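The file input.cif comes next; it holds mmCIF, C-alpha atoms.
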```cif
data_model
#
loop_
_atom_site.label_atom_id
_atom_site.label_comp_id
_atom_site.auth_asym_id
_atom_site.auth_seq_id
_atom_site.Cartn_x
_atom_site.Cartn_y
_atom_site.Cartn_z
CA MET C 7 -15.33 1.76 15.06
CA GLU C 8 -18.37 0.73 17.04
CA TYR C 9 -19.57 -2.06 14.71
CA LEU C 10 -16.17 -3.74 14.91
CA LYS C 11 -15.96 -3.46 18.71
CA GLN C 12 -19.47 -4.87 19.03
CA LYS C 13 -18.51 -7.77 16.76
CA ILE C 14 -15.37 -8.46 18.83
CA LYS C 15 -17.42 -8.40 22.05
CA GLU C 16 -20.07 -10.69 20.61
CA CYS C 17 -17.97 -13.16 18.64
CA GLY C 18 -14.39 -12.83 19.90
CA VAL C 19 -13.12 -15.51 22.26
CA VAL C 20 -10.32 -14.82 24.73
CA LYS C 21 -7.90 -17.73 25.03
CA LYS C 22 -4.99 -18.41 27.33
CA GLY C 23 -1.70 -16.73 26.43
CA ASN C 24 -3.24 -13.41 25.35
CA VAL C 25 -4.81 -14.96 22.27
CA LEU C 26 -7.96 -13.33 20.91
CA LYS C 27 -9.79 -15.70 18.58
CA VAL C 28 -11.74 -13.74 15.98
CA ASP C 29 -11.78 -16.40 13.31
CA SER C 30 -15.56 -16.48 13.05
CA PHE C 31 -15.56 -13.11 11.25
CA LEU C 32 -12.05 -11.78 10.60
CA ASN C 33 -9.39 -14.34 9.75
CA HIS C 34 -10.80 -17.75 8.91
CA GLN C 35 -14.45 -17.18 8.23
CA VAL C 36 -14.84 -13.66 6.88
CA ASP C 37 -17.67 -11.16 7.31
CA VAL C 38 -17.20 -9.28 4.04
CA ARG C 39 -19.70 -6.59 5.08
CA LEU C 40 -17.42 -5.88 8.05
CA TYR C 41 -14.43 -5.76 5.68
CA GLU C 42 -16.31 -3.10 3.71
CA GLU C 43 -16.88 -1.04 6.86
CA ILE C 44 -13.20 -1.43 7.73
CA GLY C 45 -12.14 -0.34 4.25
CA LYS C 46 -14.43 2.68 4.42
CA GLU C 47 -12.94 3.68 7.77
CA PHE C 48 -9.37 3.33 6.51
CA TYR C 49 -10.34 5.55 3.61
CA ARG C 50 -11.76 8.12 6.01
CA LEU C 51 -8.45 8.09 7.89
CA PHE C 52 -5.96 7.92 5.01
CA GLY C 53 -8.00 9.00 1.98
CA ASN C 54 -6.27 12.38 1.71
CA CYS C 55 -2.73 10.99 1.95
CA GLU C 56 -2.17 10.36 -1.77
CA VAL C 57 -1.61 6.66 -1.18
CA THR C 58 -0.38 4.91 -4.35
CA LYS C 59 -0.13 1.37 -3.03
CA ILE C 60 -1.42 -0.81 -0.22
CA LEU C 61 1.00 -3.29 1.30
CA THR C 62 -0.07 -6.23 3.42
CA ILE C 63 1.19 -9.65 4.40
CA GLU C 64 -0.30 -13.05 3.70
CA ALA C 65 -2.61 -14.55 4.62
CA SER C 66 -5.25 -12.73 6.71
CA GLY C 67 -4.30 -9.26 5.54
CA ILE C 68 -5.05 -9.93 1.88
CA GLY C 69 -8.84 -9.82 1.91
CA ILE C 70 -8.94 -6.71 4.10
CA ALA C 71 -6.39 -4.98 1.87
CA CYS C 72 -8.26 -5.84 -1.34
CA VAL C 73 -11.61 -4.62 -0.06
CA THR C 74 -9.93 -1.48 1.35
CA ALA C 75 -8.29 -0.78 -2.02
CA GLN C 76 -11.74 -0.53 -3.59
CA PHE C 77 -12.34 2.62 -1.53
CA PHE C 78 -8.99 4.00 -2.74
CA ASN C 79 -10.04 3.88 -6.39
CA CYS C 80 -8.58 0.37 -6.77
CA ILE C 81 -4.93 1.27 -6.28
CA PRO C 82 -2.70 -1.82 -6.42
CA VAL C 83 -2.39 -4.11 -3.43
CA VAL C 84 0.89 -5.91 -2.85
CA PHE C 85 0.99 -8.78 -0.45
CA ALA C 86 4.30 -9.79 1.08
CA LYS C 87 4.85 -13.52 0.95
CA LYS C 88 6.15 -15.71 3.72
CA SER C 89 9.06 -17.84 2.63
CA LYS C 90 10.38 -20.82 4.54
CA THR C 91 13.91 -20.34 3.33
CA SER C 92 16.07 -17.37 4.26
CA ASN C 93 17.87 -18.04 0.98
CA VAL C 94 16.08 -15.49 -1.20
CA SER C 95 16.92 -14.22 -4.66
CA ASP C 96 18.29 -10.83 -5.70
CA ASP C 97 15.04 -9.65 -7.20
CA VAL C 98 13.16 -9.41 -3.90
CA TYR C 99 13.27 -7.27 -0.79
CA SER C 100 13.23 -9.44 2.31
CA SER C 101 12.95 -9.10 6.07
CA GLU C 102 12.83 -11.51 9.00
CA VAL C 103 9.55 -11.63 10.92
CA ALA C 104 8.96 -13.59 14.10
CA SER C 105 5.39 -14.88 14.47
CA PHE C 106 3.76 -14.43 17.86
CA THR C 107 0.97 -16.87 17.02
CA HIS C 108 3.04 -19.63 15.46
CA GLY C 109 6.26 -19.22 17.45
CA ASN C 110 8.54 -19.33 14.41
CA VAL C 111 10.50 -16.95 12.18
CA ASN C 112 9.51 -16.31 8.57
CA THR C 113 11.40 -14.54 5.88
CA VAL C 114 8.96 -12.11 4.31
CA ILE C 115 9.56 -11.10 0.71
CA VAL C 116 8.28 -8.58 -1.82
CA SER C 117 9.38 -8.58 -5.44
CA LYS C 118 11.43 -5.48 -6.27
CA GLU C 119 9.19 -4.89 -9.28
CA TYR C 120 6.19 -4.02 -7.15
CA LEU C 121 7.50 -1.47 -4.67
CA ASN C 122 9.39 1.57 -5.87
CA LYS C 123 10.79 4.93 -4.98
CA GLY C 124 7.93 7.36 -5.43
CA ASP C 125 5.34 4.97 -4.01
CA ARG C 126 3.35 6.25 -1.06
CA VAL C 127 2.51 3.13 0.86
CA LEU C 128 -0.30 2.36 3.29
CA ILE C 129 0.21 -0.84 5.29
CA ILE C 130 -2.95 -2.78 6.16
CA ASP C 131 -3.04 -5.72 8.56
CA ASP C 132 -5.50 -7.51 10.78
CA PHE C 133 -3.53 -7.53 14.05
CA LEU C 134 -0.84 -5.50 15.78
CA ALA C 135 0.69 -6.99 18.91
CA ASN C 136 4.47 -6.79 19.31
CA GLY C 137 4.79 -5.18 15.90
CA ALA C 138 6.98 -7.85 14.29
CA ALA C 139 5.06 -8.08 11.01
CA LEU C 140 4.67 -4.31 10.79
CA ASN C 141 8.36 -3.72 11.39
CA GLY C 142 9.19 -6.24 8.67
CA LEU C 143 6.94 -4.46 6.19
CA ILE C 144 8.36 -1.06 7.14
CA ASP C 145 11.87 -2.45 6.65
CA ILE C 146 10.87 -3.57 3.14
CA ILE C 147 9.35 -0.15 2.31
CA GLU C 148 12.61 1.49 3.42
CA GLN C 149 14.66 -0.91 1.28
CA ALA C 150 12.52 0.08 -1.70
CA GLY C 151 13.05 3.79 -1.01
CA ALA C 152 9.27 4.20 -0.94
CA GLU C 153 7.42 6.40 1.49
CA LEU C 154 5.39 5.03 4.39
CA VAL C 155 2.12 6.90 4.80
CA GLY C 156 0.98 4.92 7.82
CA ALA C 157 -0.47 1.67 9.01
CA GLY C 158 -4.14 0.77 9.23
CA ILE C 159 -4.69 -2.01 11.74
CA VAL C 160 -7.98 -3.72 12.52
CA ILE C 161 -7.24 -4.90 16.07
CA GLU C 162 -4.35 -3.70 18.22
CA LYS C 163 -3.44 -5.44 21.42
CA GLY C 164 -2.78 -2.30 23.41
CA PHE C 165 -1.24 -4.23 26.28
CA GLN C 166 1.65 -5.30 24.05
CA ASP C 167 4.13 -2.64 23.06
CA GLY C 168 4.26 -2.84 19.24
CA GLY C 169 1.93 0.10 18.64
CA LYS C 170 3.53 2.25 21.33
CA LEU C 171 7.05 1.75 19.99
CA LEU C 172 6.02 2.42 16.39
CA ARG C 173 4.16 5.62 17.32
CA GLU C 174 7.20 6.78 19.32
CA LYS C 175 9.26 6.28 16.16
CA GLY C 176 6.85 8.63 14.38
CA VAL C 177 4.87 6.04 12.42
CA ARG C 178 1.18 6.95 12.02
CA VAL C 179 -0.62 3.85 13.32
CA GLU C 180 -4.42 3.89 13.17
CA SER C 181 -6.06 0.93 14.88
CA LEU C 182 -9.81 0.54 14.56
CA ALA C 183 -10.08 -1.27 17.90
CA ILE C 184 -7.44 -1.15 20.63
CA ILE C 185 -7.76 -3.73 23.35
CA GLU C 186 -6.68 -2.41 26.71
CA SER C 187 -7.06 -5.70 28.52
CA MET C 188 -8.72 -9.06 28.21
CA ASN C 189 -9.37 -11.90 30.59
CA ASP C 190 -9.38 -15.52 29.50
CA GLU C 191 -11.24 -16.61 32.65
CA THR C 192 -14.18 -14.20 32.49
CA GLY C 193 -13.96 -13.58 28.73
CA GLU C 194 -14.06 -9.85 29.38
CA ILE C 195 -12.58 -7.53 26.75
CA VAL C 196 -11.89 -3.86 27.58
CA PHE C 197 -11.25 -1.38 24.77
CA ARG C 198 -9.14 1.75 24.99
CA ASN C 199 -11.19 4.91 24.41
CA MET F 18 -13.37 -13.25 -20.07
CA GLU F 19 -11.60 -11.08 -22.60
CA TYR F 20 -10.15 -8.53 -20.17
CA LEU F 21 -8.51 -11.32 -18.18
CA LYS F 22 -7.08 -13.04 -21.27
CA GLN F 23 -5.72 -9.73 -22.51
CA LYS F 24 -4.09 -9.11 -19.14
CA ILE F 25 -2.53 -12.59 -19.17
CA LYS F 26 -1.19 -12.02 -22.70
CA GLU F 27 0.19 -8.61 -21.81
CA CYS F 28 1.57 -9.21 -18.32
CA GLY F 29 1.87 -12.99 -17.89
CA VAL F 30 5.34 -14.51 -18.19
CA VAL F 31 5.85 -18.13 -19.22
CA LYS F 32 8.62 -19.81 -17.27
CA LYS F 33 10.29 -23.19 -17.59
CA GLY F 34 8.43 -26.14 -16.08
CA ASN F 35 4.95 -25.01 -17.16
CA VAL F 36 4.96 -22.09 -14.76
CA LEU F 37 2.86 -19.05 -15.67
CA LYS F 38 3.93 -16.01 -13.68
CA VAL F 39 1.00 -13.65 -13.19
CA ASP F 40 2.23 -12.02 -10.02
CA SER F 41 2.12 -8.51 -11.43
CA PHE F 42 -1.69 -8.50 -11.30
CA LEU F 43 -3.12 -11.67 -9.75
CA ASN F 44 -1.17 -13.20 -6.89
CA HIS F 45 1.51 -10.91 -5.49
CA GLN F 46 0.64 -7.48 -6.77
CA VAL F 47 -3.13 -7.33 -7.23
CA ASP F 48 -5.21 -5.47 -9.79
CA VAL F 49 -8.33 -5.01 -7.68
CA ARG F 50 -10.31 -3.72 -10.65
CA LEU F 51 -9.62 -7.06 -12.35
CA TYR F 52 -10.72 -8.86 -9.16
CA GLU F 53 -14.01 -6.94 -9.43
CA GLU F 54 -14.49 -8.08 -13.04
CA ILE F 55 -13.69 -11.65 -11.96
CA GLY F 56 -16.19 -11.47 -9.11
CA LYS F 57 -18.86 -10.09 -11.42
CA GLU F 58 -18.28 -12.95 -13.88
CA PHE F 59 -18.46 -15.60 -11.14
CA TYR F 60 -21.74 -14.05 -10.07
CA ARG F 61 -23.00 -14.24 -13.65
CA LEU F 62 -22.10 -17.94 -13.70
CA PHE F 63 -23.19 -19.00 -10.21
CA GLY F 64 -25.53 -16.22 -9.09
CA ASN F 65 -28.65 -18.36 -9.42
CA CYS F 66 -27.25 -21.35 -7.50
CA GLU F 67 -28.32 -20.26 -4.01
CA VAL F 68 -24.73 -20.24 -2.80
CA THR F 69 -24.53 -19.76 0.97
CA LYS F 70 -20.76 -19.77 1.41
CA ILE F 71 -17.59 -19.24 -0.58
CA LEU F 72 -14.65 -21.51 0.22
CA THR F 73 -11.09 -20.78 -0.82
CA ILE F 74 -7.58 -21.59 0.29
CA GLU F 75 -4.86 -19.28 1.52
CA ALA F 76 -3.15 -17.24 0.33
CA SER F 77 -3.88 -16.08 -3.23
CA GLY F 78 -7.52 -17.17 -3.23
CA ILE F 79 -8.52 -14.95 -0.33
CA GLY F 80 -8.67 -11.58 -2.07
CA ILE F 81 -10.49 -12.98 -5.09
CA ALA F 82 -12.99 -14.75 -2.84
CA CYS F 83 -13.67 -11.65 -0.71
CA VAL F 84 -14.25 -9.38 -3.71
CA THR F 85 -16.40 -12.08 -5.34
CA ALA F 86 -18.50 -12.39 -2.17
CA GLN F 87 -19.47 -8.73 -2.50
CA PHE F 88 -21.40 -9.64 -5.66
CA PHE F 89 -23.12 -12.46 -3.75
CA ASN F 90 -24.65 -10.07 -1.21
CA CYS F 91 -21.62 -10.53 1.10
CA ILE F 92 -22.18 -14.17 1.97
CA PRO F 93 -19.43 -15.49 4.27
CA VAL F 94 -16.05 -16.46 2.87
CA VAL F 95 -14.14 -19.27 4.55
CA PHE F 96 -10.50 -19.70 3.76
CA ALA F 97 -8.87 -23.05 4.38
CA LYS F 98 -5.57 -22.74 6.19
CA LYS F 99 -2.37 -24.55 5.38
CA SER F 100 -0.90 -26.30 8.35
CA LYS F 101 2.64 -27.62 8.55
CA THR F 102 1.70 -30.43 10.90
CA SER F 103 -0.51 -33.34 9.94
CA ASN F 104 -1.33 -33.54 13.64
CA VAL F 105 -4.59 -31.61 13.63
CA SER F 106 -7.24 -31.26 16.30
CA ASP F 107 -10.71 -32.77 16.43
CA ASP F 108 -12.49 -29.50 15.76
CA VAL F 109 -11.28 -29.17 12.17
CA TYR F 110 -11.83 -30.90 8.86
CA SER F 111 -8.52 -31.63 7.18
CA SER F 112 -7.19 -32.91 3.89
CA GLU F 113 -3.73 -33.46 2.39
CA VAL F 114 -2.81 -31.24 -0.55
CA ALA F 115 0.34 -31.55 -2.62
CA SER F 116 1.61 -28.22 -3.98
CA PHE F 117 2.69 -28.17 -7.63
CA THR F 118 4.48 -24.82 -7.19
CA HIS F 119 6.29 -25.54 -3.95
CA GLY F 120 6.83 -29.28 -4.32
CA ASN F 121 5.61 -30.11 -0.82
CA VAL F 122 2.53 -31.49 0.93
CA ASN F 123 0.36 -29.34 3.16
CA THR F 124 -2.40 -30.32 5.48
CA VAL F 125 -5.31 -28.03 4.72
CA ILE F 126 -7.78 -27.36 7.50
CA VAL F 127 -11.18 -25.75 8.00
CA SER F 128 -12.75 -25.32 11.41
CA LYS F 129 -15.87 -27.48 11.77
CA GLU F 130 -17.76 -24.41 13.02
CA TYR F 131 -17.64 -22.73 9.61
CA LEU F 132 -18.83 -25.40 7.22
CA ASN F 133 -22.05 -27.26 7.82
CA LYS F 134 -24.67 -29.55 6.42
CA GLY F 135 -27.08 -27.31 4.55
CA ASP F 136 -24.35 -25.04 3.20
CA ARG F 137 -24.23 -24.67 -0.56
CA VAL F 138 -20.59 -24.00 -1.26
CA LEU F 139 -18.87 -22.29 -4.17
CA ILE F 140 -15.12 -22.86 -4.32
CA ILE F 141 -13.03 -19.97 -5.65
CA ASP F 142 -9.34 -20.23 -6.49
CA ASP F 143 -6.77 -18.50 -8.67
CA PHE F 144 -5.29 -21.55 -10.42
CA LEU F 145 -6.33 -25.04 -11.43
CA ALA F 146 -3.59 -27.34 -12.72
CA ASN F 147 -3.55 -30.92 -11.46
CA GLY F 148 -6.49 -30.21 -9.16
CA ALA F 149 -4.78 -31.01 -5.89
CA ALA F 150 -6.03 -27.96 -4.00
CA LEU F 151 -9.52 -28.29 -5.45
CA ASN F 152 -9.73 -31.97 -4.54
CA GLY F 153 -8.65 -31.14 -1.00
CA LEU F 154 -11.37 -28.51 -0.66
CA ILE F 155 -14.00 -30.85 -2.14
CA ASP F 156 -12.91 -33.53 0.34
CA ILE F 157 -13.47 -31.03 3.17
CA ILE F 158 -16.92 -30.04 1.85
CA GLU F 159 -17.86 -33.74 1.76
CA GLN F 160 -16.62 -34.27 5.31
CA ALA F 161 -18.85 -31.38 6.40
CA GLY F 162 -21.86 -32.89 4.63
CA ALA F 163 -22.25 -29.61 2.75
CA GLU F 164 -23.20 -29.36 -0.90
CA LEU F 165 -20.70 -28.38 -3.59
CA VAL F 166 -22.25 -25.98 -6.10
CA GLY F 167 -19.17 -25.73 -8.27
CA ALA F 168 -15.74 -24.22 -8.60
CA GLY F 169 -14.88 -20.82 -10.04
CA ILE F 170 -11.29 -20.73 -11.23
CA VAL F 171 -9.47 -17.74 -12.64
CA ILE F 172 -6.82 -19.54 -14.72
CA GLU F 173 -6.92 -23.22 -15.66
CA LYS F 174 -3.93 -24.93 -17.18
CA GLY F 175 -5.87 -26.95 -19.73
CA PHE F 176 -2.84 -29.06 -20.61
CA GLN F 177 -2.83 -30.55 -17.10
CA ASP F 178 -5.64 -32.92 -16.26
CA GLY F 179 -7.12 -31.54 -13.04
CA GLY F 180 -10.06 -29.80 -14.72
CA LYS F 181 -10.78 -32.73 -17.03
CA LEU F 182 -10.88 -35.27 -14.19
CA LEU F 183 -13.07 -33.08 -12.01
CA ARG F 184 -15.56 -32.43 -14.82
CA GLU F 185 -15.68 -36.16 -15.55
CA LYS F 186 -16.60 -36.68 -11.89
CA GLY F 187 -19.52 -34.30 -12.43
CA VAL F 188 -18.11 -31.24 -10.71
CA ARG F 189 -19.12 -27.97 -12.35
CA VAL F 190 -15.81 -26.22 -12.99
CA GLU F 191 -15.95 -22.76 -14.56
CA SER F 192 -12.57 -21.34 -15.52
CA LEU F 193 -12.41 -17.77 -16.75
CA ALA F 194 -9.34 -18.46 -18.88
CA ILE F 195 -8.20 -21.91 -19.96
CA ILE F 196 -4.68 -22.16 -21.30
CA GLU F 197 -4.38 -24.71 -24.08
CA SER F 198 -0.63 -24.39 -24.42
CA MET F 199 2.23 -22.10 -23.57
CA ASN F 200 5.81 -21.88 -24.69
CA ASP F 201 8.58 -20.69 -22.40
CA GLU F 202 10.92 -20.02 -25.34
CA THR F 203 8.64 -17.83 -27.45
CA GLY F 204 6.45 -16.68 -24.56
CA GLU F 205 3.37 -17.61 -26.57
CA ILE F 206 0.16 -18.38 -24.70
CA VAL F 207 -2.76 -20.06 -26.51
CA PHE F 208 -6.22 -20.04 -24.91
CA ARG F 209 -8.90 -22.67 -25.37
CA ASN F 210 -12.00 -21.29 -27.05
#
```
If you convert what's in this file into structure tokens, what do you get?
Amino acid sequence: MEYLKQKIKECGVVKKGNVLKVDSFLNHQVDVRLYEEIGKEFYRLFGNCEVTKILTIEASGIGIACVTAQFFNCIPVVFAKKSKTSNVSDDVYSSEVASFTHGNVNTVIVSKEYLNKGDRVLIIDDFLANGAALNGLIDIIEQAGAELVGAGIVIEKGFQDGGKLLREKGVRVESLAIIESMNDETGEIVFRN
Amino acid sequence: MEYLKQKIKECGVVKKGNVLKVDSFLNHQVDVRLYEEIGKEFYRLFGNCEVTKILTIEASGIGIACVTAQFFNCIPVVFAKKSKTSNVSDDVYSSEVASFTHGNVNTVIVSKEYLNKGDRVLIIDDFLANGAALNGLIDIIEQAGAELVGAGIVIEKGFQDGGKLLREKGVRVESLAIIESMNDETGEIVFRN
């Protein structure tokens, strides 16, 4: 997606520790026009997959998922919640997710009411790095007995192995921009073709 | 907004402790079509106010704010982030917000880059009860020297005093559904006219 890559080149900032700061347009301040382009592209990729539900994780995934759902005839969006306690109730599916950015572990939960056998689920998220969040969401989909259609990711850090491992497991992962390498000294960002 | 009130009556669940559970359509599973109607209504109310930016707070506000922004010609959305530490850096505005639902205090932050003097800001949020979140966001807008246009709220708990106090202070608060009373034994929900 050229518009996205251009935006990352122009406004993304490479920080130490393999951090790519895109909070001027993606996950703090939001360019909603870009979200629309992202949603349109996810629809182009997954529009013929009979998706019944979009699953994402709070917080940054929510806006992208909601705008994407508009292209899918407003199918329901479910956002997994992060819980501080690992002591969760019987009426939720839960999975442990380690956060790369924050260096902690969250329990991620989805109410059993909102994910069911028969659902065909598209996961949407802003970033894929080591795949922790994605694996947590996939775990929850499996617990629900629902079917995973694939994952639509805005930015994948191709130099971390989350995407590779998931694709090897047979998960359809579609990332709109895959970063091959980035350099926090020069600020250079190289995309995979 | 009749469609919203109908949805609350049909799908909202009144729980002990003045909790209204609307997570089947508003803040866990999302009815994106409803979000569109909400966004349209906020535009009807604030569309002539020369809003330059929409401010909300993670997590549940984000989707509503992004869909609303589409009606405002895709002006930027900024979502305030909740931080566990009160030890925040110099490049953010911050405010303390007590959470009614979770019984804790969060530091809420917005990067100084994304809110400026000259901005005319519309706050969007899903709930207004005691006004803690709203007051935190207003505090941040004041720190930035930006102008507050008003607040668009989906559901106001009219029996708590947040809305009343804010209106008395001169803030334009527009709530799409105001709950006058609710009863966790009968499940009855009464709206203010």
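Proximity ranking of F:Ala194, F:Ile55, F:Ala76, F:Ile71 relative to chain C places F:Ala76 first, based on all atoms listed in the file.
Between chain F and the candidates C:Ile63, C:Leu51, C:Cys72, C:Leu10, the tightest atom-to-atom separation, counting all atoms listed in the file, involves C:Cys72.
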Would you give me, as CSV, each residue of chain F having an atom within 9 Å of an atom of chain C, along with its shortest atom pair and that distance in Å to one decimal, using all atoms listed in the file and sorting by chain and residue number?
```
residue,atom,partner,partner_atom,distance
F:Ser41,CA,C:Tyr120,CA,7.4
F:Phe42,CA,C:Pro82,CA,8.3
F:Asn44,CA,C:Phe85,CA,8.1
F:His45,CA,C:Phe85,CA,5.5
F:Gln46,CA,C:Val84,CA,4.2
F:Val47,CA,C:Val83,CA,5.0
F:Asp48,CA,C:Pro82,CA,5.6
F:Val49,CA,C:Cys80,CA,5.5
F:Arg50,CA,C:Cys80,CA,5.9
F:Tyr52,CA,C:Cys72,CA,8.7
F:Glu53,CA,C:Gln76,CA,9.0
F:Glu75,CA,C:Ala65,CA,6.1
F:Ala76,CA,C:Ala65,CA,5.1
F:Ser77,CA,C:Ile68,CA,8.1
F:Ile79,CA,C:Gly69,CA,5.6
F:Gly80,CA,C:Gly69,CA,4.4
F:Ile81,CA,C:Gly69,CA,7.9
F:Ala82,CA,C:Gly69,CA,8.0
F:Cys83,CA,C:Gly69,CA,5.8
F:Val84,CA,C:Val73,CA,6.6
F:Ala86,CA,C:Val38,CA,7.1
F:Gln87,CA,C:Val38,CA,6.9
F:Asn90,CA,C:Arg39,CA,8.7
F:Cys91,CA,C:Val38,CA,5.5
F:Ile92,CA,C:Val38,CA,7.3
F:Pro93,CA,C:Asp37,CA,5.6
F:Val94,CA,C:Val36,CA,5.0
F:Val95,CA,C:Gln35,CA,4.2
F:Phe96,CA,C:His34,CA,5.5
F:Ala97,CA,C:His34,CA,7.2
F:Lys98,CA,C:His34,CA,7.7
F:Val127,CA,C:His34,CA,8.1
F:Ser128,CA,C:His34,CA,8.2
F:Glu130,CA,C:Ser30,CA,8.2
F:Tyr131,CA,C:Gln35,CA,6.5
```
Translate the PyMOL selection byres ((chain C and resi 197) around 12) into a concrete residue list for this structure, as a PyMOL selection string. chain C and resi 7-8+10-12+14-15+161-165+181-188+194-196+198-199
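Run against this file, the PyMOL selection byres ((chain F and resi 139) around 9) gives back Phe63, Val68, Thr69, Lys70, Ile71, Leu72, Thr73, Arg137, Val138, Ile140, Ile141, Glu164, Leu165, Val166, Gly167, Ala168 and Gly169 of chain F.
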Dump of C-alpha atoms for the selected residues, as a PDB file, in the frame of the given file:
```pdb
ATOM      1  CA  PHE F  63     -23.190 -19.000 -10.210  1.00  0.00           C
ATOM      2  CA  VAL F  68     -24.730 -20.240  -2.800  1.00  0.00           C
ATOM      3  CA  THR F  69     -24.530 -19.760   0.970  1.00  0.00           C
ATOM      4  CA  LYS F  70     -20.760 -19.770   1.410  1.00  0.00           C
ATOM      5  CA  ILE F  71     -17.590 -19.240  -0.580  1.00  0.00           C
ATOM      6  CA  LEU F  72     -14.650 -21.510   0.220  1.00  0.00           C
ATOM      7  CA  THR F  73     -11.090 -20.780  -0.820  1.00  0.00           C
ATOM      8  CA  ARG F 137     -24.230 -24.670  -0.560  1.00  0.00           C
ATOM      9  CA  VAL F 138     -20.590 -24.000  -1.260  1.00  0.00           C
ATOM     10  CA  ILE F 140     -15.120 -22.860  -4.320  1.00  0.00           C
ATOM     11  CA  ILE F 141     -13.030 -19.970  -5.650  1.00  0.00           C
ATOM     12  CA  GLU F 164     -23.200 -29.360  -0.900  1.00  0.00           C
ATOM     13  CA  LEU F 165     -20.700 -28.380  -3.590  1.00  0.00           C
ATOM     14  CA  VAL F 166     -22.250 -25.980  -6.100  1.00  0.00           C
ATOM     15  CA  GLY F 167     -19.170 -25.730  -8.270  1.00  0.00           C
ATOM     16  CA  ALA F 168     -15.740 -24.220  -8.600  1.00  0.00           C
ATOM     17  CA  GLY F 169     -14.880 -20.820 -10.040  1.00  0.00           C
TER      18      GLY F 169
END
```
For the file shown, what are the residues hit by the PyMOL selection byres ((chain F and resi 112) around 8), laid out as a count of residues only? 11
Using only C-alpha atoms, which protein or nucleic acid residues come within 9 Å of Lys22 of chain C? Drop anything in the same chain fewer than 5 positions from it, and give the result as a CSV table (one decimal) with C-alpha atoms, in the coordinates of the input.
```
chain,number,residue,atom,x,y,z
C,189,ASN,CA,-9.4,-11.9,30.6
C,190,ASP,CA,-9.4,-15.5,29.5
C,191,GLU,CA,-11.2,-16.6,32.6
```
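With distances restricted to all atoms listed in the file, C:Lys21 is the closest residue to Thr192 of chain C from C:Asn110, C:Lys21, C:Asp167, C:Leu172.
Using all atoms listed in the file, the shortest contact distance between Phe48 of chain C and any of C:Gln149, C:Phe77, C:Lys13, C:Asn93 is found at C:Phe77.
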Rounded to one decimal place, report the atom CA of Val177 of chain C-atom CA of Phe78 of chain C distance in Å. 20.6 Å
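Going from atom CA of Phe144 of chain F over to atom CA of Ser100 of chain F, you cover 19.9 Å.
Of note, atom CA of Glu180 of chain C and atom CA of Asn122 of chain C are spaced 23.6 Å apart.
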Can I get segment 171-179 of chain F with N, CA, C and O atoms filled in, as a PDB file, in the frame of the given file?
```
ATOM      1  N   VAL F 171      -9.876 -18.844 -11.771  1.00  0.00           N
ATOM      2  CA  VAL F 171      -9.470 -17.740 -12.640  1.00  0.00           C
ATOM      3  C   VAL F 171      -8.697 -18.273 -13.845  1.00  0.00           C
ATOM      4  O   VAL F 171      -9.070 -18.038 -14.983  1.00  0.00           O
ATOM      5  N   ILE F 172      -7.636 -19.026 -13.614  1.00  0.00           N
ATOM      6  CA  ILE F 172      -6.820 -19.540 -14.720  1.00  0.00           C
ATOM      7  C   ILE F 172      -6.685 -21.056 -14.594  1.00  0.00           C
ATOM      8  O   ILE F 172      -6.215 -21.553 -13.570  1.00  0.00           O
ATOM      9  N   GLU F 173      -7.098 -21.759 -15.624  1.00  0.00           N
ATOM     10  CA  GLU F 173      -6.920 -23.220 -15.660  1.00  0.00           C
ATOM     11  C   GLU F 173      -5.835 -23.563 -16.662  1.00  0.00           C
ATOM     12  O   GLU F 173      -5.835 -23.074 -17.797  1.00  0.00           O
ATOM     13  N   LYS F 174      -4.922 -24.400 -16.250  1.00  0.00           N
ATOM     14  CA  LYS F 174      -3.930 -24.930 -17.180  1.00  0.00           C
ATOM     15  C   LYS F 174      -4.538 -26.151 -17.857  1.00  0.00           C
ATOM     16  O   LYS F 174      -4.536 -27.258 -17.308  1.00  0.00           O
ATOM     17  N   GLY F 175      -5.102 -25.915 -19.043  1.00  0.00           N
ATOM     18  CA  GLY F 175      -5.870 -26.950 -19.730  1.00  0.00           C
ATOM     19  C   GLY F 175      -5.045 -28.144 -20.160  1.00  0.00           C
ATOM     20  O   GLY F 175      -5.586 -29.214 -20.437  1.00  0.00           O
ATOM     21  N   PHE F 176      -3.733 -27.961 -20.191  1.00  0.00           N
ATOM     22  CA  PHE F 176      -2.840 -29.060 -20.610  1.00  0.00           C
ATOM     23  C   PHE F 176      -2.474 -29.960 -19.437  1.00  0.00           C
ATOM     24  O   PHE F 176      -1.744 -30.930 -19.607  1.00  0.00           O
ATOM     25  N   GLN F 177      -2.945 -29.620 -18.228  1.00  0.00           N
ATOM     26  CA  GLN F 177      -2.830 -30.550 -17.100  1.00  0.00           C
ATOM     27  C   GLN F 177      -4.238 -31.087 -16.849  1.00  0.00           C
ATOM     28  O   GLN F 177      -5.229 -30.499 -17.271  1.00  0.00           O
ATOM     29  N   ASP F 178      -4.348 -32.224 -16.186  1.00  0.00           N
ATOM     30  CA  ASP F 178      -5.640 -32.920 -16.260  1.00  0.00           C
ATOM     31  C   ASP F 178      -6.587 -32.698 -15.081  1.00  0.00           C
ATOM     32  O   ASP F 178      -7.629 -33.343 -15.008  1.00  0.00           O
ATOM     33  N   GLY F 179      -6.256 -31.770 -14.196  1.00  0.00           N
ATOM     34  CA  GLY F 179      -7.120 -31.540 -13.040  1.00  0.00           C
ATOM     35  C   GLY F 179      -8.556 -31.194 -13.409  1.00  0.00           C
ATOM     36  O   GLY F 179      -9.508 -31.786 -12.887  1.00  0.00           O
TER      37      GLY F 179
END
```
